[in-house]
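Here is the structure we will look at, set down as structure tokens.
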Amino acid sequence: MMTDVFGGDLASAVRLLRTLPRRRQDVGQAERRVRAWSAERPALAAELVVDEPPGTGQVGYDLLLAHPEGGTVAISAQTEDGVPWLVDHSTHWAAGQVVSVDGIGLSVPAALYALRALGARDRTVHEQLADYRILLSEIDGDKEPVGDAELREAMDDFRRRRGLFSRERTLRWLEEVGLPEDAFAGFMETTARMNRVRARFAGEPARAYLREHADELAHARAAWVTGRDRAVIEEIAGADTAAGLLDRAGRALEERPGRLRLTTAAGPASELPAPLRAAAPGRVVGPAESEDGLLAGVVLDRAAADPDDPAALAAAADAAYTAWLAGRRAAAAITWHWL
Amino acid sequence: MLLIISDPRDDSVRMVVRRLAERDVPFLWWDEAEFPERTVIGTRLSGEGWRQSLTHGGTTYDLAEVTAVWHRRPNPPSAPSVADPSQRAYAEQMARQMLQGVYELMPAERWMPARPKHLARVDNKLLHLRRAVELGFTVPDTVVGNDPGDLVPAWRRSGGRLISKALDFRPFFVDGEDHHVYTTKIERRDLAGRHRVRHCPVILQPNLAKAVELRVTVVGDRVFSAEIDSQSSRLTSQDWRHYEDLGVAYRPHPLPAEVEKRCLRLVDSLGLSYGAVDLILTPDGEYVFLELNVSGQWAFVELRAGLPIGDAIAGWLTEGRS
């Protein structure tokens, strides 16, 4: 009897599966139909699995059903839609291409090699991609709907960082990067969920991190010069005092504009170039290797971060989040498939 | 004069043209897409015989003076000035027909890979497979056709390692986007789409284990063999032509003399002066024929394996010139 009922459900499931819309944009409609069908047969615990192969607007489905005697039955159905085998197994012309310029494509491996070849500083692009994947996994189980305020905050932050201050400019930017508006909305929802991960480190975790990493979060003011010419950097680093270093840097910049970069900064010590992070105030450092070439610099002053200062706490939350992400990355098995 | 018929952006032609210039050999690099819009071609029968001329870029060329033709990868004739689409298609078909005739009447004996009409006759994967078998090549068990009932038995015979590929290369559109067919591994769940085979013939072959893949380029009576370490990359392990992977090594590969001779005979027996033969070397050391590409690309083989194929093409085109 139980099997007869299941047989009827199975026939009904096949009919349902064969009539589900197969266009990518209609997946939501297919899911709603399956939910409605499933609601009438809760014992089947029906689930629709959607396969969205790249480079085509078509999707594939499997329908999973619980069998009355235990286990799962998976149904897949390919209708007679008149699409030849070879067409069904074809590849989009740009599969494997990141971008085309003047009609000539740049392949994913070539792009990744190029990024890797750009220098140590640009390793972060690879790290960012790995981090994005880690965060996607982190939010995988997050079913809490994204609220309007969260979405607005994600969108405002995204626009602010790219100078997209009007709807018109945003739309133009989307067109330039080839991102459809609805895909952008989905991207922002994902970003909002990722922001929730970041938000876990605010409040008490930030205070705890600040206590444990007081040195790296100390507020520091610093000035440094970077360049490729060792003789020039050595000359600047030969100064005895901060004032002397700034004076020599100023002269060198006048003589070699474009060859040197002078930077002044105030903020957490952890954000300074590596050679300056632990340097005592007033002591001239250099020449030292840095991500931007040779460096000569000085920490002007350094003060312990105030645990009641919201800015210091925000910096601590950021640092805690970054450290957590770096730890996850270090522990992860990362495989670059296209390299 | 040499006539090179190909797309003006063809990098392979550029590599040969450089060599021709070094040898001070006059040539015209022309694309069929120029005809009839920007090129005038005339054929006239008079008491003295046929006279054919091609006028392009303000210069008129006597086609009787062409000593060799490299018919590489031209774009089809194009008549964009004809406004009505059906009339434009008609004009372009007439232009194609005209070119076929002009090529047949040209006295030049040296054509690479062959006169287009002959090429159309011999450029067929079934014919190539049969000829390869006749010449003693090892060829994988092959099923070609549109019988859905062939799919599962072929998959079973291959031990679940079956590939499908197309009889010809021709782009088409899916959702308005260009798509191509490469060699594709057939997964178990793909078998549920067996009815699709009915709509269009397909080549089914077992997916043989490979030590390396080989691209053997035949130019006249010269053979250039390069091995492609396609198995070192997940991208290229199925079909190295599918994805570019700069990490995959290409190097010259000395072929056993009998395999080299078979490649030469295969190309020659089809009346071709050029052919790119794809072979695999199995882990057991057996050379297996996969396919012949009558206009296969060679520039990447020259660049990455260091084989002087462009020199050989330039040499073949200019051979016998006084």
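Simple scheme: letters A, B, ... for chains in structure tokens order, numbers from 1 for residues in each chain, numbers from 1 for ligands in the order shown.
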
(message) I need the chain A residues near chain B as a VMD selection string; criterion: at most 10 Å, counting only C-alpha atoms.
(response) chain A and resid 55 to 58 76 to 97 106 to 110 113 337 to 339

Shell around region 41-47 of chain B at 12 Å using only C-alpha atoms, local window under 2 positions removed, as a PDB file with N, CA and C atoms, in the first residue's frame:
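In the end it all went to out_28.pdb:
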ATOM      1  N   GLU B  32      39.079  36.449 -48.690  1.00  0.00           N
ATOM      2  CA  GLU B  32      37.890  36.302 -49.541  1.00  0.00           C
ATOM      3  C   GLU B  32      36.763  37.240 -49.114  1.00  0.00           C
ATOM      4  N   GLU B  34      36.896  40.213 -48.780  1.00  0.00           N
ATOM      5  CA  GLU B  34      37.012  41.465 -49.533  1.00  0.00           C
ATOM      6  C   GLU B  34      36.168  41.424 -50.810  1.00  0.00           C
ATOM      7  N   PHE B  35      35.812  40.257 -51.212  1.00  0.00           N
ATOM      8  CA  PHE B  35      35.102  40.048 -52.472  1.00  0.00           C
ATOM      9  C   PHE B  35      33.622  39.790 -52.215  1.00  0.00           C
ATOM     10  N   PRO B  36      32.705  40.439 -52.885  1.00  0.00           N
ATOM     11  CA  PRO B  36      32.894  41.367 -53.998  1.00  0.00           C
ATOM     12  C   PRO B  36      32.968  42.840 -53.586  1.00  0.00           C
ATOM     13  N   GLU B  37      32.904  43.144 -52.262  1.00  0.00           N
ATOM     14  CA  GLU B  37      32.780  44.539 -51.825  1.00  0.00           C
ATOM     15  C   GLU B  37      33.969  45.415 -52.250  1.00  0.00           C
ATOM     16  N   ARG B  38      35.185  44.970 -51.979  1.00  0.00           N
ATOM     17  CA  ARG B  38      36.349  45.822 -52.225  1.00  0.00           C
ATOM     18  C   ARG B  38      37.331  45.231 -53.236  1.00  0.00           C
ATOM     19  N   THR B  39      37.008  44.061 -53.734  1.00  0.00           N
ATOM     20  CA  THR B  39      37.895  43.421 -54.708  1.00  0.00           C
ATOM     21  C   THR B  39      37.116  43.129 -55.986  1.00  0.00           C
ATOM     22  N   GLY B  49      42.865  32.044 -74.704  1.00  0.00           N
ATOM     23  CA  GLY B  49      42.628  31.206 -73.520  1.00  0.00           C
ATOM     24  C   GLY B  49      41.997  32.028 -72.399  1.00  0.00           C
ATOM     25  N   TRP B  50      42.064  31.475 -71.192  1.00  0.00           N
ATOM     26  CA  TRP B  50      41.461  32.145 -70.040  1.00  0.00           C
ATOM     27  C   TRP B  50      42.403  33.188 -69.485  1.00  0.00           C
ATOM     28  N   ARG B  51      41.846  34.352 -69.167  1.00  0.00           N
ATOM     29  CA  ARG B  51      42.635  35.361 -68.449  1.00  0.00           C
ATOM     30  C   ARG B  51      41.861  35.721 -67.189  1.00  0.00           C
ATOM     31  N   GLN B  52      42.544  35.645 -66.083  1.00  0.00           N
ATOM     32  CA  GLN B  52      41.866  35.957 -64.812  1.00  0.00           C
ATOM     33  C   GLN B  52      42.665  37.031 -64.085  1.00  0.00           C
ATOM     34  N   SER B  53      41.946  38.012 -63.558  1.00  0.00           N
ATOM     35  CA  SER B  53      42.647  39.062 -62.820  1.00  0.00           C
ATOM     36  C   SER B  53      41.906  39.383 -61.525  1.00  0.00           C
ATOM     37  N   LEU B  54      42.691  39.869 -60.592  1.00  0.00           N
ATOM     38  CA  LEU B  54      42.142  40.268 -59.296  1.00  0.00           C
ATOM     39  C   LEU B  54      42.633  41.679 -59.020  1.00  0.00           C
ATOM     40  N   THR B  55      41.718  42.603 -58.816  1.00  0.00           N
ATOM     41  CA  THR B  55      42.104  43.989 -58.535  1.00  0.00           C
ATOM     42  C   THR B  55      41.724  44.325 -57.105  1.00  0.00           C
ATOM     43  N   HIS B  56      42.743  44.733 -56.365  1.00  0.00           N
ATOM     44  CA  HIS B  56      42.507  45.033 -54.950  1.00  0.00           C
ATOM     45  C   HIS B  56      43.480  46.115 -54.506  1.00  0.00           C
ATOM     46  N   THR B  59      45.615  47.862 -57.197  1.00  0.00           N
ATOM     47  CA  THR B  59      46.562  47.097 -58.017  1.00  0.00           C
ATOM     48  C   THR B  59      45.843  45.916 -58.662  1.00  0.00           C
ATOM     49  N   THR B  60      46.174  45.666 -59.906  1.00  0.00           N
ATOM     50  CA  THR B  60      45.590  44.517 -60.597  1.00  0.00           C
ATOM     51  C   THR B  60      46.635  43.407 -60.703  1.00  0.00           C
ATOM     52  N   TYR B  61      46.246  42.219 -60.314  1.00  0.00           N
ATOM     53  CA  TYR B  61      47.150  41.060 -60.339  1.00  0.00           C
ATOM     54  C   TYR B  61      46.655  40.073 -61.388  1.00  0.00           C
ATOM     55  N   ASP B  62      47.576  39.609 -62.223  1.00  0.00           N
ATOM     56  CA  ASP B  62      47.251  38.570 -63.204  1.00  0.00           C
ATOM     57  C   ASP B  62      47.361  37.217 -62.485  1.00  0.00           C
ATOM     58  N   LEU B  63      46.250  36.527 -62.355  1.00  0.00           N
ATOM     59  CA  LEU B  63      46.258  35.298 -61.563  1.00  0.00           C
ATOM     60  C   LEU B  63      47.055  34.179 -62.237  1.00  0.00           C
ATOM     61  N   ALA B  64      47.389  34.364 -63.513  1.00  0.00           N
ATOM     62  CA  ALA B  64      48.236  33.362 -64.183  1.00  0.00           C
ATOM     63  C   ALA B  64      49.670  33.443 -63.664  1.00  0.00           C
ATOM     64  N   ALA B  95      29.336  34.877 -55.219  1.00  0.00           N
ATOM     65  CA  ALA B  95      30.763  35.183 -55.061  1.00  0.00           C
ATOM     66  C   ALA B  95      31.535  33.914 -54.691  1.00  0.00           C
ATOM     67  N   ARG B  96      30.960  33.121 -53.794  1.00  0.00           N
ATOM     68  CA  ARG B  96      31.619  31.849 -53.412  1.00  0.00           C
ATOM     69  C   ARG B  96      31.784  30.945 -54.633  1.00  0.00           C
ATOM     70  N   MET B  98      31.841  31.819 -57.740  1.00  0.00           N
ATOM     71  CA  MET B  98      32.835  32.414 -58.643  1.00  0.00           C
ATOM     72  C   MET B  98      34.250  32.051 -58.197  1.00  0.00           C
ATOM     73  N   LEU B  99      34.501  32.184 -56.897  1.00  0.00           N
ATOM     74  CA  LEU B  99      35.848  31.898 -56.396  1.00  0.00           C
ATOM     75  C   LEU B  99      36.225  30.437 -56.623  1.00  0.00           C
ATOM     76  N   GLY B 101      35.335  28.537 -58.985  1.00  0.00           N
ATOM     77  CA  GLY B 101      35.703  28.396 -60.386  1.00  0.00           C
ATOM     78  C   GLY B 101      37.043  29.025 -60.690  1.00  0.00           C
ATOM     79  N   VAL B 102      37.259  30.226 -60.158  1.00  0.00           N
ATOM     80  CA  VAL B 102      38.536  30.922 -60.399  1.00  0.00           C
ATOM     81  C   VAL B 102      39.701  30.078 -59.900  1.00  0.00           C
ATOM     82  N   TYR B 103      39.544  29.515 -58.698  1.00  0.00           N
ATOM     83  CA  TYR B 103      40.626  28.690 -58.141  1.00  0.00           C
ATOM     84  C   TYR B 103      40.883  27.466 -59.033  1.00  0.00           C
ATOM     85  N   GLU B 104      39.812  26.872 -59.540  1.00  0.00           N
ATOM     86  CA  GLU B 104      39.986  25.680 -60.374  1.00  0.00           C
ATOM     87  C   GLU B 104      40.725  26.013 -61.670  1.00  0.00           C
ATOM     88  N   LEU B 105      40.488  27.233 -62.176  1.00  0.00           N
ATOM     89  CA  LEU B 105      41.103  27.615 -63.452  1.00  0.00           C
ATOM     90  C   LEU B 105      42.523  28.153 -63.306  1.00  0.00           C
ATOM     91  N   MET B 106      42.898  28.502 -62.096  1.00  0.00           N
ATOM     92  CA  MET B 106      44.250  29.067 -61.936  1.00  0.00           C
ATOM     93  C   MET B 106      45.303  28.011 -62.288  1.00  0.00           C
TER      94      MET B 106
END

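What separates CA of Tyr287 (chain B) from CA of Pro256 (chain B) is a distance of 9.3 Å.
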
(request) Mind checking which residues fall within 7 Å of Arg19 (chain B), counting only C-alpha atoms, ignoring those fewer than 4 positions away in the same chain, and posting them as JSON, numbers by chain? (result) {"B": [23, 311, 314]}

(request) Quick one: everything within 10 Å of Ala296 (chain A), counting only C-alpha atoms, minus sequence neighbours fewer than 5 positions away in the same chain. Send it as a VMD selection string. (result) chain A and resid 223 to 227 232 to 239 245 249 262 275 to 276 284 to 290

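If only C-alpha atoms are the atoms counted, then among A:Arg211, A:Arg328, A:Arg221, A:Arg161 the closest residue to Gly267 (chain A) is A:Arg221.
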
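Distances here use only C-alpha atoms; by that measure, the residue among A:Leu112, A:Ala36, A:Ala43, A:Ala74 closest to Val5 (chain A) is A:Ala43.
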
What lies within 10 Å of region 311-317 of chain A using only C-alpha atoms, ignoring chain neighbours under 5 positions off, as a short mmCIF file (atom, residue, chain, number, x, y, z; two decimals) with N, CA and C atoms, in the first residue's frame?
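Listing of part.cif after writing:
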data_model
loop_
_atom_site.label_atom_id
_atom_site.label_comp_id
_atom_site.auth_asym_id
_atom_site.auth_seq_id
_atom_site.Cartn_x
_atom_site.Cartn_y
_atom_site.Cartn_z
N ARG A 198 32.03 39.89 9.60
CA ARG A 198 32.94 40.93 10.10
C ARG A 198 32.42 41.50 11.43
N ALA A 199 31.08 41.65 11.50
CA ALA A 199 30.48 42.26 12.68
C ALA A 199 30.64 41.39 13.93
N ARG A 200 30.93 40.10 13.73
CA ARG A 200 31.13 39.22 14.90
C ARG A 200 32.31 39.69 15.75
N PHE A 201 33.21 40.45 15.13
CA PHE A 201 34.44 40.82 15.83
C PHE A 201 34.32 42.18 16.53
N ALA A 202 33.15 42.82 16.42
CA ALA A 202 32.95 44.10 17.10
C ALA A 202 32.63 43.81 18.58
N GLY A 203 32.67 44.85 19.41
CA GLY A 203 32.29 44.71 20.82
C GLY A 203 33.35 43.99 21.63
N GLU A 204 32.94 43.02 22.40
CA GLU A 204 33.85 42.35 23.33
C GLU A 204 35.04 41.68 22.63
N PRO A 205 34.80 40.97 21.48
CA PRO A 205 35.97 40.39 20.80
C PRO A 205 37.01 41.45 20.43
N ALA A 206 36.53 42.65 20.06
CA ALA A 206 37.47 43.72 19.71
C ALA A 206 38.25 44.17 20.95
N ARG A 207 37.54 44.30 22.09
CA ARG A 207 38.24 44.70 23.33
C ARG A 207 39.29 43.65 23.70
N ALA A 208 38.90 42.38 23.59
CA ALA A 208 39.84 41.31 23.94
C ALA A 208 41.05 41.36 23.02
N TYR A 209 40.80 41.59 21.74
CA TYR A 209 41.91 41.63 20.78
C TYR A 209 42.82 42.81 21.10
N LEU A 210 42.19 43.93 21.48
CA LEU A 210 42.96 45.13 21.81
C LEU A 210 43.87 44.87 23.02
N ARG A 211 43.32 44.16 24.00
CA ARG A 211 44.14 43.84 25.19
C ARG A 211 45.33 42.97 24.80
N HIS A 213 46.72 42.56 21.82
CA HIS A 213 47.60 43.07 20.76
C HIS A 213 47.78 44.57 20.89
N ALA A 214 48.06 44.99 22.12
CA ALA A 214 48.15 46.42 22.40
C ALA A 214 49.23 47.09 21.55
N GLU A 216 50.52 46.28 18.51
CA GLU A 216 50.23 46.48 17.08
C GLU A 216 49.08 47.46 16.87
N LEU A 217 48.23 47.65 17.90
CA LEU A 217 47.10 48.56 17.74
C LEU A 217 47.37 49.94 18.33
N ALA A 218 48.59 50.11 18.85
CA ALA A 218 48.95 51.43 19.36
C ALA A 218 48.79 52.45 18.25
N HIS A 219 48.37 53.67 18.63
CA HIS A 219 48.18 54.71 17.63
C HIS A 219 49.54 55.32 17.31
N GLY A 267 47.63 56.18 12.54
CA GLY A 267 46.67 55.08 12.70
C GLY A 267 47.30 53.94 13.46
N PRO A 268 46.66 52.77 13.41
CA PRO A 268 47.20 51.63 14.15
C PRO A 268 48.59 51.26 13.64
N SER A 270 49.87 48.52 13.32
CA SER A 270 49.84 47.33 12.46
C SER A 270 49.69 47.69 10.99
N GLU A 271 49.21 48.90 10.71
CA GLU A 271 49.01 49.29 9.31
C GLU A 271 50.23 49.97 8.71
N ALA A 304 49.47 54.32 23.34
CA ALA A 304 48.64 53.12 23.52
C ALA A 304 47.21 53.42 23.11
N ALA A 305 46.57 52.46 22.48
CA ALA A 305 45.18 52.65 22.03
C ALA A 305 44.26 52.72 23.24
N ASP A 306 43.29 53.63 23.19
CA ASP A 306 42.34 53.81 24.29
C ASP A 306 41.17 52.85 24.10
N THR A 322 40.73 40.50 10.32
CA THR A 322 41.79 40.21 9.35
C THR A 322 42.65 39.04 9.82
N ALA A 323 42.95 39.00 11.12
CA ALA A 323 43.76 37.91 11.66
C ALA A 323 43.01 36.59 11.55
#

(message) When DSSP is applied to the backbone of this structure, which of region 41-208 of chain A are assigned helix (DSSP H, G or I)? Write them out as a VMD selection string.
(response) chain A and resid 42 to 44 85 to 88 108 to 117 120 to 138 148 to 162 167 to 177 181 to 199 204 to 208

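With distances restricted to only C-alpha atoms, A:Ala280 is the closest residue to Ala222 (chain A) from A:Ala280, A:Leu151, A:Leu16, A:Ala333.
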
(request) Give me every strand (DSSP E) residue in region 108-241 of chain B, going by DSSP on the backbone, as a PyMOL selection string. (result) chain B and resi 110-112+143-145+162-165+172-174+177-180+184-186+202-206+212-219+222-228

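For the residues B:Asp284, B:Glu187, B:Asp141, B:Asp150, ranking by smallest atom-to-atom distance to Ala209 (chain B) using only C-alpha atoms places B:Asp284 first.
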